[in-house]
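Colleague: To be precise about what I am sending: the file is called entry.tsv and holds TSV, N, CA and C atoms.
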chain	number	residue	atom	x	y	z
A	19	ALA	N	11.00	-14.28	-21.08
A	19	ALA	CA	10.46	-14.22	-22.43
A	19	ALA	C	8.99	-13.80	-22.40
A	20	GLU	N	8.26	-14.29	-21.39
A	20	GLU	CA	6.84	-13.94	-21.30
A	20	GLU	C	6.66	-12.44	-21.04
A	21	ALA	N	7.47	-11.88	-20.14
A	21	ALA	CA	7.39	-10.45	-19.85
A	21	ALA	C	7.75	-9.64	-21.09
A	22	GLU	N	8.77	-10.05	-21.79
A	22	GLU	CA	9.19	-9.36	-23.02
A	22	GLU	C	8.06	-9.38	-24.05
A	23	ALA	N	7.44	-10.53	-24.25
A	23	ALA	CA	6.37	-10.65	-25.23
A	23	ALA	C	5.13	-9.85	-24.82
A	24	SER	N	4.83	-9.83	-23.53
A	24	SER	CA	3.61	-9.17	-23.07
A	24	SER	C	3.76	-7.67	-22.90
A	25	PHE	N	4.94	-7.23	-22.40
A	25	PHE	CA	5.10	-5.84	-22.03
A	25	PHE	C	6.21	-5.11	-22.77
A	26	GLY	N	6.95	-5.85	-23.62
A	26	GLY	CA	8.06	-5.22	-24.34
A	26	GLY	C	9.27	-4.98	-23.45
A	27	ASP	N	9.29	-5.58	-22.27
A	27	ASP	CA	10.39	-5.42	-21.33
A	27	ASP	C	10.55	-6.74	-20.57
A	28	GLY	N	11.71	-7.33	-20.67
A	28	GLY	CA	11.95	-8.62	-20.04
A	28	GLY	C	12.42	-8.55	-18.61
A	29	THR	N	12.40	-7.36	-18.00
A	29	THR	CA	12.85	-7.21	-16.63
A	29	THR	C	11.97	-8.03	-15.69
A	30	VAL	N	12.60	-8.73	-14.77
A	30	VAL	CA	11.87	-9.53	-13.79
A	30	VAL	C	12.27	-9.05	-12.39
A	31	PHE	N	11.28	-8.87	-11.54
A	31	PHE	CA	11.51	-8.45	-10.16
A	31	PHE	C	11.17	-9.61	-9.24
A	32	LEU	N	12.02	-9.85	-8.28
A	32	LEU	CA	11.77	-10.89	-7.29
A	32	LEU	C	11.50	-10.23	-5.95
A	33	GLU	N	10.52	-10.77	-5.24
A	33	GLU	CA	10.19	-10.26	-3.92
A	33	GLU	C	10.46	-11.33	-2.88
A	34	ARG	N	10.87	-10.91	-1.71
A	34	ARG	CA	11.09	-11.83	-0.61
A	34	ARG	C	9.74	-12.39	-0.17
A	35	PHE	N	9.71	-13.67	0.16
A	35	PHE	CA	8.48	-14.30	0.65
A	35	PHE	C	8.26	-13.87	2.10
A	36	VAL	N	7.07	-13.42	2.40
A	36	VAL	CA	6.73	-12.96	3.74
A	36	VAL	C	5.64	-13.89	4.28
A	37	THR	N	5.94	-14.59	5.36
A	37	THR	CA	4.99	-15.59	5.85
A	37	THR	C	3.83	-14.99	6.64
A	38	ASP	N	4.07	-13.96	7.43
A	38	ASP	CA	3.02	-13.37	8.24
A	38	ASP	C	2.82	-11.92	7.83
A	39	ALA	N	2.39	-11.72	6.60
A	39	ALA	CA	2.27	-10.38	6.04
A	39	ALA	C	0.91	-9.76	6.36
A	40	LYS	N	0.92	-8.45	6.44
A	40	LYS	CA	-0.31	-7.67	6.57
A	40	LYS	C	-0.41	-6.77	5.34
A	41	HIS	N	-1.58	-6.75	4.73
A	41	HIS	CA	-1.86	-5.89	3.59
A	41	HIS	C	-2.41	-4.58	4.16
A	42	VAL	N	-1.59	-3.53	4.09
A	42	VAL	CA	-1.97	-2.24	4.67
A	42	VAL	C	-2.05	-1.20	3.57
A	43	GLU	N	-3.15	-0.47	3.53
A	43	GLU	CA	-3.36	0.58	2.53
A	43	GLU	C	-3.44	1.94	3.21
A	44	VAL	N	-2.82	2.93	2.57
A	44	VAL	CA	-2.91	4.31	3.04
A	44	VAL	C	-3.61	5.12	1.95
A	45	GLN	N	-4.71	5.77	2.31
A	45	GLN	CA	-5.41	6.59	1.33
A	45	GLN	C	-4.75	7.95	1.24
A	46	ILE	N	-4.67	8.46	0.02
A	46	ILE	CA	-4.08	9.77	-0.24
A	46	ILE	C	-5.08	10.62	-1.02
A	47	LEU	N	-4.94	11.92	-0.86
A	47	LEU	CA	-5.81	12.86	-1.56
A	47	LEU	C	-4.94	14.01	-2.03
A	48	GLY	N	-5.04	14.34	-3.32
A	48	GLY	CA	-4.25	15.44	-3.87
A	48	GLY	C	-5.10	16.33	-4.75
A	49	ASP	N	-4.77	17.63	-4.76
A	49	ASP	CA	-5.50	18.55	-5.64
A	49	ASP	C	-4.56	19.15	-6.68
A	50	ARG	N	-5.10	19.95	-7.56
A	50	ARG	CA	-4.32	20.54	-8.66
A	50	ARG	C	-3.41	21.67	-8.22
A	51	HIS	N	-3.49	22.06	-6.95
A	51	HIS	CA	-2.65	23.13	-6.42
A	51	HIS	C	-1.44	22.60	-5.67
A	52	GLY	N	-1.23	21.28	-5.74
A	52	GLY	CA	-0.06	20.69	-5.09
A	52	GLY	C	-0.26	20.29	-3.64
A	53	HIS	N	-1.49	20.39	-3.15
A	53	HIS	CA	-1.76	19.98	-1.77
A	53	HIS	C	-2.03	18.48	-1.75
A	54	ARG	N	-1.38	17.80	-0.83
A	54	ARG	CA	-1.59	16.37	-0.70
A	54	ARG	C	-1.65	16.00	0.77
A	55	VAL	N	-2.57	15.11	1.11
A	55	VAL	CA	-2.71	14.64	2.48
A	55	VAL	C	-2.91	13.13	2.46
A	56	GLN	N	-2.56	12.51	3.58
A	56	GLN	CA	-2.89	11.09	3.75
A	56	GLN	C	-4.08	11.03	4.70
A	57	LEU	N	-4.93	10.06	4.48
A	57	LEU	CA	-6.16	9.96	5.26
A	57	LEU	C	-6.15	8.76	6.21
A	58	GLY	N	-4.95	8.30	6.57
A	58	GLY	CA	-4.86	7.18	7.49
A	58	GLY	C	-4.76	5.86	6.76
A	59	GLU	N	-4.57	4.81	7.55
A	59	GLU	CA	-4.38	3.49	6.95
A	59	GLU	C	-5.47	2.54	7.40
A	60	ARG	N	-5.56	1.46	6.66
A	60	ARG	CA	-6.46	0.37	7.02
A	60	ARG	C	-5.79	-0.95	6.66
A	61	GLU	N	-6.06	-1.96	7.44
A	61	GLU	CA	-5.54	-3.29	7.14
A	61	GLU	C	-6.59	-4.06	6.35
A	62	CYS	N	-6.14	-4.67	5.26
A	62	CYS	CA	-7.04	-5.39	4.36
A	62	CYS	C	-6.55	-6.83	4.15
A	63	SER	N	-6.03	-7.45	5.21
A	63	SER	CA	-5.42	-8.77	5.08
A	63	SER	C	-6.44	-9.90	4.90
A	64	VAL	N	-7.64	-9.73	5.43
A	64	VAL	CA	-8.64	-10.79	5.32
A	64	VAL	C	-9.31	-10.67	3.95
A	65	GLN	N	-8.94	-11.60	3.06
A	65	GLN	CA	-9.46	-11.58	1.70
A	65	GLN	C	-9.94	-12.97	1.31
A	66	TYR	N	-10.87	-13.00	0.38
A	66	TYR	CA	-11.37	-14.24	-0.19
A	66	TYR	C	-11.43	-14.06	-1.69
A	67	ARG	N	-10.69	-14.89	-2.40
A	67	ARG	CA	-10.60	-14.79	-3.87
A	67	ARG	C	-10.21	-13.38	-4.31
A	68	TYR	N	-9.21	-12.83	-3.64
A	68	TYR	CA	-8.63	-11.51	-3.95
A	68	TYR	C	-9.59	-10.36	-3.70
A	69	GLN	N	-10.67	-10.60	-2.97
A	69	GLN	CA	-11.60	-9.54	-2.61
A	69	GLN	C	-11.51	-9.31	-1.10
A	70	LYS	N	-11.43	-8.07	-0.69
A	70	LYS	CA	-11.35	-7.75	0.73
A	70	LYS	C	-12.66	-8.12	1.42
A	71	VAL	N	-12.55	-8.82	2.53
A	71	VAL	CA	-13.72	-9.22	3.30
A	71	VAL	C	-13.87	-8.32	4.52
A	72	VAL	N	-12.72	-8.00	5.15
A	72	VAL	CA	-12.72	-7.16	6.34
A	72	VAL	C	-11.65	-6.09	6.17
A	73	GLU	N	-12.00	-4.86	6.50
A	73	GLU	CA	-11.03	-3.77	6.55
A	73	GLU	C	-11.05	-3.21	7.98
A	74	GLU	N	-9.87	-3.10	8.56
A	74	GLU	CA	-9.77	-2.59	9.93
A	74	GLU	C	-8.96	-1.30	9.92
A	75	ALA	N	-9.52	-0.25	10.51
A	75	ALA	CA	-8.82	1.03	10.55
A	75	ALA	C	-8.91	1.59	11.96
A	76	PRO	N	-7.80	2.01	12.51
A	76	PRO	CA	-6.45	1.87	11.97
A	76	PRO	C	-5.95	0.43	12.12
A	77	CYS	N	-4.86	0.12	11.46
A	77	CYS	CA	-4.28	-1.21	11.51
A	77	CYS	C	-3.69	-1.47	12.90
A	78	ALA	N	-4.24	-2.44	13.61
A	78	ALA	CA	-3.82	-2.72	14.98
A	78	ALA	C	-2.42	-3.32	15.06
A	79	ALA	N	-1.91	-3.87	13.96
A	79	ALA	CA	-0.60	-4.54	13.97
A	79	ALA	C	0.57	-3.57	13.85
A	80	LEU	N	0.30	-2.30	13.53
A	80	LEU	CA	1.39	-1.35	13.29
A	80	LEU	C	1.84	-0.65	14.55
A	81	PRO	N	3.14	-0.73	14.86
A	81	PRO	CA	3.67	0.13	15.92
A	81	PRO	C	3.63	1.58	15.44
A	82	GLU	N	3.51	2.51	16.35
A	82	GLU	CA	3.36	3.93	15.98
A	82	GLU	C	4.47	4.44	15.06
A	83	PRO	N	5.76	4.10	15.29
A	83	PRO	CA	6.80	4.60	14.37
A	83	PRO	C	6.62	4.07	12.94
A	84	THR	N	6.16	2.83	12.82
A	84	THR	CA	5.93	2.25	11.49
A	84	THR	C	4.74	2.92	10.81
A	85	ARG	N	3.70	3.19	11.58
A	85	ARG	CA	2.52	3.88	11.05
A	85	ARG	C	2.93	5.25	10.48
A	86	ALA	N	3.72	5.99	11.24
A	86	ALA	CA	4.17	7.31	10.78
A	86	ALA	C	5.01	7.19	9.51
A	87	LEU	N	5.85	6.16	9.45
A	87	LEU	CA	6.68	5.94	8.27
A	87	LEU	C	5.83	5.60	7.05
A	88	LEU	N	4.82	4.76	7.21
A	88	LEU	CA	3.94	4.43	6.08
A	88	LEU	C	3.18	5.65	5.59
A	89	HIS	N	2.67	6.46	6.51
A	89	HIS	CA	1.95	7.68	6.12
A	89	HIS	C	2.88	8.62	5.34
A	90	ALA	N	4.09	8.80	5.84
A	90	ALA	CA	5.05	9.68	5.17
A	90	ALA	C	5.44	9.12	3.81
A	91	SER	N	5.61	7.81	3.73
A	91	SER	CA	5.98	7.18	2.46
A	91	SER	C	4.86	7.32	1.43
A	92	ALA	N	3.62	7.18	1.86
A	92	ALA	CA	2.49	7.34	0.95
A	92	ALA	C	2.45	8.76	0.39
A	93	LEU	N	2.73	9.74	1.24
A	93	LEU	CA	2.77	11.13	0.78
A	93	LEU	C	3.91	11.36	-0.22
A	94	LYS	N	5.06	10.72	0.01
A	94	LYS	CA	6.18	10.85	-0.92
A	94	LYS	C	5.80	10.28	-2.28
A	95	VAL	N	5.08	9.16	-2.29
A	95	VAL	CA	4.62	8.58	-3.55
A	95	VAL	C	3.69	9.56	-4.27
A	96	ALA	N	2.74	10.12	-3.53
A	96	ALA	CA	1.78	11.07	-4.11
A	96	ALA	C	2.49	12.28	-4.68
A	97	GLU	N	3.48	12.78	-3.96
A	97	GLU	CA	4.22	13.95	-4.43
A	97	GLU	C	5.06	13.62	-5.66
A	98	ALA	N	5.71	12.46	-5.65
A	98	ALA	CA	6.54	12.06	-6.80
A	98	ALA	C	5.72	11.89	-8.06
A	99	LEU	N	4.47	11.48	-7.91
A	99	LEU	CA	3.59	11.28	-9.06
A	99	LEU	C	2.79	12.53	-9.41
A	100	ASP	N	2.94	13.58	-8.61
A	100	ASP	CA	2.11	14.78	-8.76
A	100	ASP	C	0.64	14.38	-8.80
A	101	TYR	N	0.28	13.55	-7.83
A	101	TYR	CA	-1.03	12.89	-7.81
A	101	TYR	C	-2.16	13.87	-7.55
A	102	VAL	N	-3.23	13.75	-8.36
A	102	VAL	CA	-4.45	14.54	-8.20
A	102	VAL	C	-5.60	13.55	-8.10
A	103	GLY	N	-6.40	13.66	-7.04
A	103	GLY	CA	-7.54	12.78	-6.84
A	103	GLY	C	-7.40	12.01	-5.54
A	104	LEU	N	-8.27	11.03	-5.39
A	104	LEU	CA	-8.27	10.17	-4.22
A	104	LEU	C	-7.72	8.82	-4.64
A	105	GLY	N	-6.74	8.31	-3.91
A	105	GLY	CA	-6.13	7.03	-4.29
A	105	GLY	C	-5.63	6.28	-3.08
A	106	THR	N	-5.03	5.15	-3.35
A	106	THR	CA	-4.53	4.28	-2.30
A	106	THR	C	-3.12	3.84	-2.63
A	107	VAL	N	-2.25	3.91	-1.64
A	107	VAL	CA	-0.89	3.36	-1.75
A	107	VAL	C	-0.89	2.10	-0.89
A	108	GLU	N	-0.53	0.98	-1.50
A	108	GLU	CA	-0.60	-0.30	-0.80
A	108	GLU	C	0.78	-0.76	-0.34
A	109	PHE	N	0.81	-1.32	0.86
A	109	PHE	CA	2.05	-1.81	1.45
A	109	PHE	C	1.86	-3.25	1.91
A	110	LEU	N	2.95	-3.99	1.89
A	110	LEU	CA	2.98	-5.32	2.47
A	110	LEU	C	3.86	-5.23	3.70
A	111	TYR	N	3.26	-5.37	4.88
A	111	TYR	CA	3.97	-5.20	6.15
A	111	TYR	C	4.35	-6.55	6.72
A	112	ASP	N	5.62	-6.74	6.99
A	112	ASP	CA	6.14	-7.96	7.59
A	112	ASP	C	6.12	-7.80	9.10
A	113	VAL	N	5.22	-8.49	9.77
A	113	VAL	CA	5.05	-8.37	11.21
A	113	VAL	C	6.34	-8.74	11.96
A	114	GLU	N	7.11	-9.65	11.40
A	114	GLU	CA	8.30	-10.14	12.10
A	114	GLU	C	9.54	-9.27	11.88
A	115	ARG	N	9.48	-8.23	11.09
A	115	ARG	CA	10.67	-7.40	10.82
A	115	ARG	C	10.57	-6.08	11.49
Mind turning this structure into structure tokens?
Modeller:
Amino acid sequence: AEAEASFGDGTVFLERFVTDAKHVEVQILGDRHGHRVQLGERECSVQYRYQKVVEEAPCAALPEPTRALLHASALKVAEALDYVGLGTVEFLYDVER
């Protein structure tokens, strides 16, 4: 009811609880000519009151195949949105999976 009243849509999404999660961001850059690149990732897990305290680049917790998958996924998001500008695609990485 709260979602319906606030957003006009009562859809609710549930996420699996992740106990040892890493907050990983991939920066993307897109121009008006359809060119898009990813600029690497950084881990932003150390936060205080929802503000990043430490950013580590590259993320030491990512195995190389996972890093490549995150970079490719960020580019797919940028392409699907026809993104222009500099932005960030955020991921929640489960270390145990």
Colleague: Please determine, counting only C-alpha atoms, which residue among A:Arg67, A:His41, A:Arg115, A:His51 has the shortest atom-to-atom distance to Pro81 in chain A.
Modeller: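 So, comparing all the options, the nearest one is A:Arg115.
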Colleague: Using CA of Arg50 in chain A and CA of Tyr101 in chain A as the two end points, give the distance in Å to one decimal.
Modeller: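 Computed distance, CA of Arg50 in chain A to CA of Tyr101 in chain A, equals 8.4 Å.
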Colleague: For Asp38 in chain A, list every protein, DNA or RNA residue within 9 Å, evaluated using only C-alpha atoms, and leave out those in the same chain fewer than 5 positions away; present the list as JSON, numbers by chain.
Modeller: {"A": [111, 112, 113, 114]}
Colleague: From the list A:Glu33, A:Glu22, A:Glu108, A:Glu61, which residue is nearest Ala92 in chain A when using only C-alpha atoms?
Modeller: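 The closest residue to Ala92 in chain A is A:Glu108.
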Colleague: Step one, run DSSP on the backbone; step two, keep only residues of chain A assigned to strand (DSSP E); then write them as a PyMOL selection string.
Modeller: chain A and resi 39-48+54-66+69-74+103-112
Colleague: Which residues, written as a list in words, have at least one atom at most 9 Å from Pro76 in chain A, with only C-alpha atoms counted and residues fewer than 5 positions away on the same chain left out?
Modeller: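 Returned residues: Gly58, Glu59, Arg60 and Glu61 of chain A.
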Colleague: Dump N, CA and C atoms for the selected residues as an mmCIF file, in the frame of the given file?
Modeller:
data_model
loop_
_atom_site.group_PDB
_atom_site.id
_atom_site.type_symbol
_atom_site.label_atom_id
_atom_site.label_comp_id
_atom_site.auth_asym_id
_atom_site.auth_seq_id
_atom_site.Cartn_x
_atom_site.Cartn_y
_atom_site.Cartn_z
ATOM 1 N N GLY A 58 -4.950 8.300 6.570
ATOM 2 C CA GLY A 58 -4.860 7.180 7.490
ATOM 3 C C GLY A 58 -4.760 5.860 6.760
ATOM 4 N N GLU A 59 -4.570 4.810 7.550
ATOM 5 C CA GLU A 59 -4.380 3.490 6.950
ATOM 6 C C GLU A 59 -5.470 2.540 7.400
ATOM 7 N N ARG A 60 -5.560 1.460 6.660
ATOM 8 C CA ARG A 60 -6.460 0.370 7.020
ATOM 9 C C ARG A 60 -5.790 -0.950 6.660
ATOM 10 N N GLU A 61 -6.060 -1.960 7.440
ATOM 11 C CA GLU A 61 -5.540 -3.290 7.140
ATOM 12 C C GLU A 61 -6.590 -4.060 6.350
#
Colleague: From the set A:Ala79, A:Leu99, A:Ala21, A:His89, which residue has the shortest atom-to-atom contact distance to Leu57 in chain A, counting all atoms listed in the file?
Modeller: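 Using all atoms listed in the file, Leu57 in chain A sits closest to A:His89.
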Colleague: By how many Å are CA of Leu104 in chain A and atom C of Leu47 in chain A apart?
Modeller: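 Distance reported for this atom pair: 5.5 Å.
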Colleague: Please identify the helix (DSSP H, G or I) residues within chain A (assignment by DSSP from backbone atoms) and present them as number ranges by chain.
Modeller: A: 20-25, 82-98
Colleague: Find the residues near Val64 in chain A: any atom within 8 Å, counting only N, CA and C atoms, skip ones fewer than 4 places away on the same chain, and give them as a PyMOL selection string.
Modeller: chain A and resi 40-41+68-74
Colleague: For atom N of Thr84 in chain A and atom C of Tyr66 in chain A, determine how far apart the two atoms are, in Å to one decimal place.
Modeller: 28.4 Å
Colleague: Of the candidates A:Thr37, A:Gln56, A:Gln45, A:Thr29, which one gets nearest to Thr106 in chain A if we count all atoms listed in the file?
Modeller: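 For Thr106 in chain A, the nearest of the given residues is A:Gln45.
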Colleague: Using the file's own x, y and z axes, so that the box edges lie along x, y and z, what centre and edge lengths in Å (one decimal) does a box around every listed atom of range 23-37 of chain A get when 4 Å is added on each side? Give it as JSON.
Modeller:
{"center_x": 8.2, "center_y": -10.3, "center_z": -9.3, "size_x": 17.2, "size_y": 18.6, "size_z": 39.9}
Colleague: Rebuild all heavy atoms on range 96-107 of chain A, as a CSV table (one decimal), in the coordinates of the input?
Modeller:
chain,number,residue,atom,x,y,z
A,96,ALA,N,2.7,10.1,-3.5
A,96,ALA,CA,1.8,11.1,-4.1
A,96,ALA,C,2.5,12.3,-4.7
A,96,ALA,O,2.2,12.8,-5.8
A,96,ALA,CB,0.8,11.5,-3.1
A,97,GLU,N,3.5,12.8,-4.0
A,97,GLU,CA,4.2,14.0,-4.4
A,97,GLU,C,5.1,13.6,-5.7
A,97,GLU,O,5.1,14.4,-6.6
A,97,GLU,CB,5.1,14.5,-3.3
A,97,GLU,CG,4.3,15.1,-2.2
A,97,GLU,CD,5.1,15.5,-0.9
A,97,GLU,OE1,6.3,15.4,-1.0
A,97,GLU,OE2,4.4,15.8,0.1
A,98,ALA,N,5.7,12.5,-5.6
A,98,ALA,CA,6.5,12.1,-6.8
A,98,ALA,C,5.7,11.9,-8.1
A,98,ALA,O,6.2,12.2,-9.2
A,98,ALA,CB,7.3,10.8,-6.5
A,99,LEU,N,4.5,11.5,-7.9
A,99,LEU,CA,3.6,11.3,-9.1
A,99,LEU,C,2.8,12.5,-9.4
A,99,LEU,O,2.0,12.5,-10.4
A,99,LEU,CB,2.6,10.1,-8.8
A,99,LEU,CG,3.2,8.8,-8.6
A,99,LEU,CD1,2.1,7.8,-8.1
A,99,LEU,CD2,3.9,8.3,-9.9
A,100,ASP,N,2.9,13.6,-8.6
A,100,ASP,CA,2.1,14.8,-8.8
A,100,ASP,C,0.6,14.4,-8.8
A,100,ASP,O,-0.1,14.8,-9.7
A,100,ASP,CB,2.5,15.6,-10.0
A,100,ASP,CG,2.0,17.0,-10.0
A,100,ASP,OD1,1.8,17.5,-8.9
A,100,ASP,OD2,1.9,17.6,-11.1
A,101,TYR,N,0.3,13.6,-7.8
A,101,TYR,CA,-1.0,12.9,-7.8
A,101,TYR,C,-2.2,13.9,-7.6
A,101,TYR,O,-2.1,14.7,-6.7
A,101,TYR,CB,-1.0,11.8,-6.7
A,101,TYR,CG,-2.2,10.9,-6.9
A,101,TYR,CD1,-2.3,9.9,-7.8
A,101,TYR,CD2,-3.4,11.1,-6.1
A,101,TYR,CE1,-3.4,9.1,-7.9
A,101,TYR,CE2,-4.5,10.3,-6.2
A,101,TYR,CZ,-4.5,9.3,-7.1
A,101,TYR,OH,-5.6,8.5,-7.3
A,102,VAL,N,-3.2,13.8,-8.4
A,102,VAL,CA,-4.4,14.5,-8.2
A,102,VAL,C,-5.6,13.6,-8.1
A,102,VAL,O,-5.8,12.7,-9.0
A,102,VAL,CB,-4.7,15.5,-9.4
A,102,VAL,CG1,-6.0,16.2,-9.3
A,102,VAL,CG2,-3.5,16.5,-9.5
A,103,GLY,N,-6.4,13.7,-7.0
A,103,GLY,CA,-7.5,12.8,-6.8
A,103,GLY,C,-7.4,12.0,-5.5
A,103,GLY,O,-6.6,12.3,-4.7
A,104,LEU,N,-8.3,11.0,-5.4
A,104,LEU,CA,-8.3,10.2,-4.2
A,104,LEU,C,-7.7,8.8,-4.6
A,104,LEU,O,-8.2,8.2,-5.6
A,104,LEU,CB,-9.7,10.0,-3.7
A,104,LEU,CG,-9.9,9.1,-2.5
A,104,LEU,CD1,-9.2,9.7,-1.3
A,104,LEU,CD2,-11.4,9.0,-2.2
A,105,GLY,N,-6.7,8.3,-3.9
A,105,GLY,CA,-6.1,7.0,-4.3
A,105,GLY,C,-5.6,6.3,-3.1
A,105,GLY,O,-5.8,6.7,-1.9
A,106,THR,N,-5.0,5.2,-3.4
A,106,THR,CA,-4.5,4.3,-2.3
A,106,THR,C,-3.1,3.8,-2.6
A,106,THR,O,-2.8,3.4,-3.8
A,106,THR,CB,-5.4,3.0,-2.2
A,106,THR,OG1,-6.8,3.4,-1.9
A,106,THR,CG2,-5.0,2.1,-1.1
A,107,VAL,N,-2.2,3.9,-1.6
A,107,VAL,CA,-0.9,3.4,-1.8
A,107,VAL,C,-0.9,2.1,-0.9
A,107,VAL,O,-1.2,2.2,0.3
A,107,VAL,CB,0.2,4.4,-1.3
A,107,VAL,CG1,1.6,3.8,-1.4
A,107,VAL,CG2,0.1,5.7,-2.1
